[in-house]
Amino acid sequence: MEEARVEALFTAPEGSAPMVDHDSVRLVDGGIEGDRYRDGTGYYSPYDVCEVTLVDAAALDTIREETGIDLTDGRHRRNVVVRGADLDELLGATFRLGDAETGAVLRGTRPRPPCTHVEQVAGEDGVARALKGRRGGVCADVVDPGRVAVGDGVAVLEDDPRSEGRKIVDRLRESLGG
């Protein structure tokens, strides 16, 4: 299994502005420094805000293969592109982007389905449909601020509470013989 890594980082200075590609970003309380939603200028501010959004690079690969739509330039409107991480497993989990000393700790909060606005801003028909379902990514809140760079690792620090509960029940069943 490949190690989960940050593949790309994006912000937009204000709602509907093109996404800007970064080598590194600083995650702070409330989001990413310089990003539209952290600054309160996102298209959906203040009603539907995700502090940080993540999308799976493999989903973007599949979209390109199936539809011919290449979203690697950030037109997906997500902040962090990761490869090798199961985004479903990050929902409710506490995880780190980067190293233990300088990286940031986040908690996955909810799926981030696409909207019609993403298609308008992308300027290409089919983008919202291509990002539907699990391909749209997830939202996360910043728990502990830090710097994140392209190439940094993604590590789950604590599974979501339901998964942890299932593990405890399984261990109890094993210890009681069945």
# chains A, B, ... in the order shown; residues from 1 in each chain; ligands from 1
$ select_by_dssp --residues "range 57-158 of chain A" --states "strand (DSSP E)" --output "JSON list (two decimals) with N, CA and C atoms, in the first residue's frame"
[["chain", "number", "residue", "atom", "x", "y", "z"],
["A", 80, "VAL", "N", -6.63, 20.75, -0.59],
["A", 80, "VAL", "CA", -5.55, 19.77, -0.44],
["A", 80, "VAL", "C", -5.87, 18.55, -1.28],
["A", 81, "VAL", "N", -4.96, 18.21, -2.18],
["A", 81, "VAL", "CA", -5.08, 16.99, -2.98],
["A", 81, "VAL", "C", -4.18, 15.95, -2.33],
["A", 82, "VAL", "N", -4.75, 14.82, -1.95],
["A", 82, "VAL", "CA", -3.98, 13.76, -1.31],
["A", 82, "VAL", "C", -3.99, 12.51, -2.19],
["A", 83, "ARG", "N", -2.94, 11.74, -2.08],
["A", 83, "ARG", "CA", -2.87, 10.46, -2.79],
["A", 83, "ARG", "C", -2.52, 9.37, -1.79],
["A", 94, "THR", "N", -9.18, 12.09, 13.51],
["A", 94, "THR", "CA", -8.19, 13.14, 13.72],
["A", 94, "THR", "C", -6.94, 12.71, 12.97],
["A", 95, "PHE", "N", -6.40, 13.58, 12.10],
["A", 95, "PHE", "CA", -5.26, 13.21, 11.28],
["A", 95, "PHE", "C", -4.29, 14.38, 11.13],
["A", 96, "ARG", "N", -3.07, 14.03, 10.78],
["A", 96, "ARG", "CA", -2.03, 15.04, 10.61],
["A", 96, "ARG", "C", -1.63, 15.12, 9.15],
["A", 97, "LEU", "N", -1.43, 16.35, 8.69],
["A", 97, "LEU", "CA", -0.78, 16.60, 7.41],
["A", 97, "LEU", "C", 0.59, 17.17, 7.76],
["A", 104, "ALA", "N", 0.16, 20.15, 10.61],
["A", 104, "ALA", "CA", -1.13, 20.56, 11.15],
["A", 104, "ALA", "C", -1.98, 19.32, 11.45],
["A", 105, "VAL", "N", -2.80, 19.43, 12.49],
["A", 105, "VAL", "CA", -3.72, 18.36, 12.85],
["A", 105, "VAL", "C", -5.13, 18.82, 12.50],
["A", 106, "LEU", "N", -5.87, 17.94, 11.84],
["A", 106, "LEU", "CA", -7.23, 18.24, 11.40],
["A", 106, "LEU", "C", -8.19, 17.15, 11.86],
["A", 107, "ARG", "N", -9.48, 17.44, 11.77],
["A", 107, "ARG", "CA", -10.51, 16.44, 12.03],
["A", 107, "ARG", "C", -11.49, 16.49, 10.86],
["A", 108, "GLY", "N", -11.68, 15.34, 10.22],
["A", 108, "GLY", "CA", -12.63, 15.26, 9.11],
["A", 108, "GLY", "C", -14.04, 15.47, 9.62],
["A", 109, "THR", "N", -14.82, 16.32, 8.94],
["A", 109, "THR", "CA", -16.14, 16.68, 9.45],
["A", 109, "THR", "C", -17.30, 16.17, 8.61],
["A", 110, "ARG", "N", -17.17, 16.23, 7.27],
["A", 110, "ARG", "CA", -18.29, 15.82, 6.43],
["A", 110, "ARG", "C", -17.85, 15.71, 4.98],
["A", 111, "PRO", "N", -18.62, 14.98, 4.17],
["A", 111, "PRO", "CA", -18.34, 14.96, 2.73],
["A", 111, "PRO", "C", -18.52, 16.35, 2.14],
["A", 138, "VAL", "N", -13.80, 15.82, 1.02],
["A", 138, "VAL", "CA", -14.29, 15.97, 2.39],
["A", 138, "VAL", "C", -13.86, 17.33, 2.96],
["A", 139, "CYS", "N", -14.56, 17.73, 4.00],
["A", 139, "CYS", "CA", -14.22, 18.93, 4.77],
["A", 139, "CYS", "C", -13.49, 18.51, 6.03],
["A", 140, "ALA", "N", -12.65, 19.41, 6.53],
["A", 140, "ALA", "CA", -11.95, 19.15, 7.79],
["A", 140, "ALA", "C", -11.79, 20.47, 8.54],
["A", 141, "ASP", "N", -11.77, 20.37, 9.86],
["A", 141, "ASP", "CA", -11.49, 21.52, 10.71],
["A", 141, "ASP", "C", -10.05, 21.44, 11.20],
["A", 142, "VAL", "N", -9.44, 22.61, 11.38],
["A", 142, "VAL", "CA", -8.09, 22.68, 11.92],
["A", 142, "VAL", "C", -8.17, 22.51, 13.43],
["A", 143, "VAL", "N", -7.51, 21.50, 13.97],
["A", 143, "VAL", "CA", -7.45, 21.23, 15.40],
["A", 143, "VAL", "C", -6.20, 21.86, 16.00],
["A", 144, "ASP", "N", -5.10, 21.72, 15.28],
["A", 144, "ASP", "CA", -3.80, 22.23, 15.73],
["A", 144, "ASP", "C", -3.10, 22.83, 14.51],
["A", 146, "GLY", "N", -0.48, 24.51, 11.77],
["A", 146, "GLY", "CA", 0.87, 24.15, 11.34],
["A", 146, "GLY", "C", 1.05, 24.40, 9.86],
["A", 147, "ARG", "N", 2.26, 24.11, 9.37],
["A", 147, "ARG", "CA", 2.59, 24.29, 7.97],
["A", 147, "ARG", "C", 2.52, 22.94, 7.26],
["A", 148, "VAL", "N", 1.95, 22.96, 6.05],
["A", 148, "VAL", "CA", 1.82, 21.75, 5.24],
["A", 148, "VAL", "C", 2.45, 22.03, 3.88],
["A", 149, "ALA", "N", 3.20, 21.07, 3.37],
["A", 149, "ALA", "CA", 3.87, 21.22, 2.08],
["A", 149, "ALA", "C", 3.55, 20.04, 1.17],
["A", 154, "VAL", "N", 0.36, 12.01, 5.23],
["A", 154, "VAL", "CA", -0.97, 12.08, 5.83],
["A", 154, "VAL", "C", -1.05, 10.90, 6.78],
["A", 155, "ALA", "N", -1.30, 11.17, 8.07],
["A", 155, "ALA", "CA", -1.33, 10.10, 9.06],
["A", 155, "ALA", "C", -2.54, 10.24, 9.96],
["A", 156, "VAL", "N", -3.31, 9.17, 10.09],
["A", 156, "VAL", "CA", -4.45, 9.16, 11.01],
["A", 156, "VAL", "C", -3.88, 9.02, 12.42],
["A", 157, "LEU", "N", -4.26, 9.93, 13.29],
["A", 157, "LEU", "CA", -3.82, 9.91, 14.68],
["A", 157, "LEU", "C", -4.82, 9.18, 15.56],
["A", 158, "GLU", "N", -6.10, 9.35, 15.23],
["A", 158, "GLU", "CA", -7.18, 8.69, 15.99],
["A", 158, "GLU", "C", -8.34, 8.46, 15.05]]
$ residues_around --residues "Asp88 in chain A" --least-positions-apart "2" --cutoff "9 Å" --atoms "only C-alpha atoms" --output "MDAnalysis selection string"
chainID A and resid 85:86 90:92 108 111 134 137:138
$ atom_distance --atom1 "CA of Pro46 in chain A" --atom2 "CA of Val150 in chain A"
28.6 Å
$ residues_around --residues "range 39-41 of chain A" --least-positions-apart "2" --cutoff "6 Å" --atoms "only C-alpha atoms" --output "list in words"
Glu14, Gly15, Arg36, Tyr37 and Ser45 of chain A
$ closest_residue --among "A:Arg171, A:Asp159, A:Gly153, A:Glu3" --to "Gly103 in chain A" --atoms "only C-alpha atoms"
A:Gly153
$ residues_around --residues "range 67-70 of chain A" --least-positions-apart "4" --cutoff "9 Å" --atoms "only C-alpha atoms" --output "JSON list (two decimals) with N, CA and C atoms, in the first residue's frame"
[["chain", "number", "residue", "atom", "x", "y", "z"],
["A", 60, "LEU", "N", -9.40, 12.28, -9.10],
["A", 60, "LEU", "CA", -9.13, 13.22, -10.20],
["A", 60, "LEU", "C", -8.57, 12.47, -11.41],
["A", 61, "ASP", "N", -7.74, 11.44, -11.16],
["A", 61, "ASP", "CA", -7.23, 10.60, -12.25],
["A", 61, "ASP", "C", -8.38, 9.90, -12.97],
["A", 62, "THR", "N", -9.30, 9.34, -12.18],
["A", 62, "THR", "CA", -10.44, 8.62, -12.75],
["A", 62, "THR", "C", -11.32, 9.56, -13.57],
["A", 63, "ILE", "N", -11.55, 10.76, -13.04],
["A", 63, "ILE", "CA", -12.35, 11.75, -13.77],
["A", 63, "ILE", "C", -11.71, 12.04, -15.13],
["A", 75, "ARG", "N", -9.19, 23.41, -10.53],
["A", 75, "ARG", "CA", -10.58, 23.77, -10.83],
["A", 75, "ARG", "C", -11.59, 22.92, -10.05],
["A", 124, "GLU", "N", -16.25, 24.70, -17.54],
["A", 124, "GLU", "CA", -16.33, 23.49, -18.36],
["A", 124, "GLU", "C", -17.54, 22.67, -17.95],
["A", 126, "GLY", "N", -19.84, 19.62, -17.14],
["A", 126, "GLY", "CA", -19.60, 18.28, -16.65],
["A", 126, "GLY", "C", -18.73, 18.19, -15.41],
["A", 127, "VAL", "N", -18.15, 19.31, -14.95],
["A", 127, "VAL", "CA", -17.27, 19.26, -13.79],
["A", 127, "VAL", "C", -18.03, 18.85, -12.53],
["A", 130, "ALA", "N", -18.88, 15.24, -12.70],
["A", 130, "ALA", "CA", -17.68, 14.41, -12.55],
["A", 130, "ALA", "C", -17.25, 14.28, -11.09]]
$ closest_residue --among "A:Ala58, A:Val49, A:Asp35, A:Ala93" --to "Arg162 in chain A" --atoms "only C-alpha atoms"
A:Ala93
$ select_by_dssp --residues "range 6-105 of chain A" --states "helix (DSSP H, G or I)" --output "list of chain:residue names"
A:Ala57, A:Ala58, A:Ala59, A:Leu60, A:Asp61, A:Thr62, A:Ile63, A:Arg64, A:Glu65, A:Glu66, A:Thr67, A:Leu87, A:Asp88, A:Glu89, A:Leu90
$ write_last_selection --atoms "N, CA and C atoms" --output "PDB file, in the first residue's frame"
ATOM      1  N   ALA A  57      -6.492  12.417  -5.152  1.00  0.00           N
ATOM      2  CA  ALA A  57      -5.832  12.496  -6.462  1.00  0.00           C
ATOM      3  C   ALA A  57      -6.281  11.355  -7.371  1.00  0.00           C
ATOM      4  N   ALA A  58      -6.532  10.177  -6.796  1.00  0.00           N
ATOM      5  CA  ALA A  58      -6.979   9.042  -7.604  1.00  0.00           C
ATOM      6  C   ALA A  58      -8.355   9.325  -8.219  1.00  0.00           C
ATOM      7  N   ALA A  59      -9.219  10.025  -7.491  1.00  0.00           N
ATOM      8  CA  ALA A  59     -10.522  10.399  -8.045  1.00  0.00           C
ATOM      9  C   ALA A  59     -10.343  11.358  -9.219  1.00  0.00           C
ATOM     10  N   LEU A  60      -9.404  12.282  -9.101  1.00  0.00           N
ATOM     11  CA  LEU A  60      -9.132  13.217 -10.201  1.00  0.00           C
ATOM     12  C   LEU A  60      -8.573  12.467 -11.407  1.00  0.00           C
ATOM     13  N   ASP A  61      -7.738  11.443 -11.161  1.00  0.00           N
ATOM     14  CA  ASP A  61      -7.229  10.605 -12.255  1.00  0.00           C
ATOM     15  C   ASP A  61      -8.378   9.901 -12.966  1.00  0.00           C
ATOM     16  N   THR A  62      -9.298   9.340 -12.184  1.00  0.00           N
ATOM     17  CA  THR A  62     -10.443   8.620 -12.753  1.00  0.00           C
ATOM     18  C   THR A  62     -11.324   9.564 -13.565  1.00  0.00           C
ATOM     19  N   ILE A  63     -11.548  10.758 -13.041  1.00  0.00           N
ATOM     20  CA  ILE A  63     -12.350  11.750 -13.775  1.00  0.00           C
ATOM     21  C   ILE A  63     -11.707  12.042 -15.135  1.00  0.00           C
ATOM     22  N   ARG A  64     -10.398  12.250 -15.146  1.00  0.00           N
ATOM     23  CA  ARG A  64      -9.700  12.542 -16.404  1.00  0.00           C
ATOM     24  C   ARG A  64      -9.823  11.359 -17.376  1.00  0.00           C
ATOM     25  N   GLU A  65      -9.665  10.128 -16.846  1.00  0.00           N
ATOM     26  CA  GLU A  65      -9.754   8.947 -17.702  1.00  0.00           C
ATOM     27  C   GLU A  65     -11.161   8.752 -18.262  1.00  0.00           C
ATOM     28  N   GLU A  66     -12.176   8.945 -17.422  1.00  0.00           N
ATOM     29  CA  GLU A  66     -13.561   8.684 -17.832  1.00  0.00           C
ATOM     30  C   GLU A  66     -14.179   9.800 -18.659  1.00  0.00           C
ATOM     31  N   THR A  67     -13.803  11.040 -18.373  1.00  0.00           N
ATOM     32  CA  THR A  67     -14.502  12.180 -19.001  1.00  0.00           C
ATOM     33  C   THR A  67     -13.607  13.065 -19.857  1.00  0.00           C
ATOM     34  N   LEU A  87     -10.336   8.889   1.896  1.00  0.00           N
ATOM     35  CA  LEU A  87     -10.986  10.055   2.493  1.00  0.00           C
ATOM     36  C   LEU A  87     -12.164   9.675   3.373  1.00  0.00           C
ATOM     37  N   ASP A  88     -12.851   8.586   3.056  1.00  0.00           N
ATOM     38  CA  ASP A  88     -13.951   8.139   3.920  1.00  0.00           C
ATOM     39  C   ASP A  88     -13.444   7.833   5.328  1.00  0.00           C
ATOM     40  N   GLU A  89     -12.232   7.299   5.420  1.00  0.00           N
ATOM     41  CA  GLU A  89     -11.660   6.980   6.732  1.00  0.00           C
ATOM     42  C   GLU A  89     -11.254   8.229   7.506  1.00  0.00           C
ATOM     43  N   LEU A  90     -11.126   9.350   6.818  1.00  0.00           N
ATOM     44  CA  LEU A  90     -10.778  10.600   7.502  1.00  0.00           C
ATOM     45  C   LEU A  90     -12.002  11.286   8.111  1.00  0.00           C
TER      46      LEU A  90
END
$ closest_residue --among "A:Asp160, A:Lys132, A:Pro145, A:Glu119" --to "Ile32 in chain A" --atoms "only C-alpha atoms"
A:Pro145
$ residues_around --residues "Thr11 in chain A" --least-positions-apart "3" --cutoff "8 Å" --atoms "only C-alpha atoms" --output "list in words"
Met19, Val20, Asp21, His22, Ile32, Gly34, Asp35, Arg36, Arg78 and Asn79 of chain A
$ closest_residue --among "A:Asp56, A:Glu174, A:Asp152, A:Glu51" --to "Val28 in chain A" --atoms "only C-alpha atoms"
A:Glu51
$ closest_residue --among "A:Pro13, A:Gly133, A:Gly151, A:Pro18" --to "Arg38 in chain A" --atoms "only C-alpha atoms"
A:Pro13
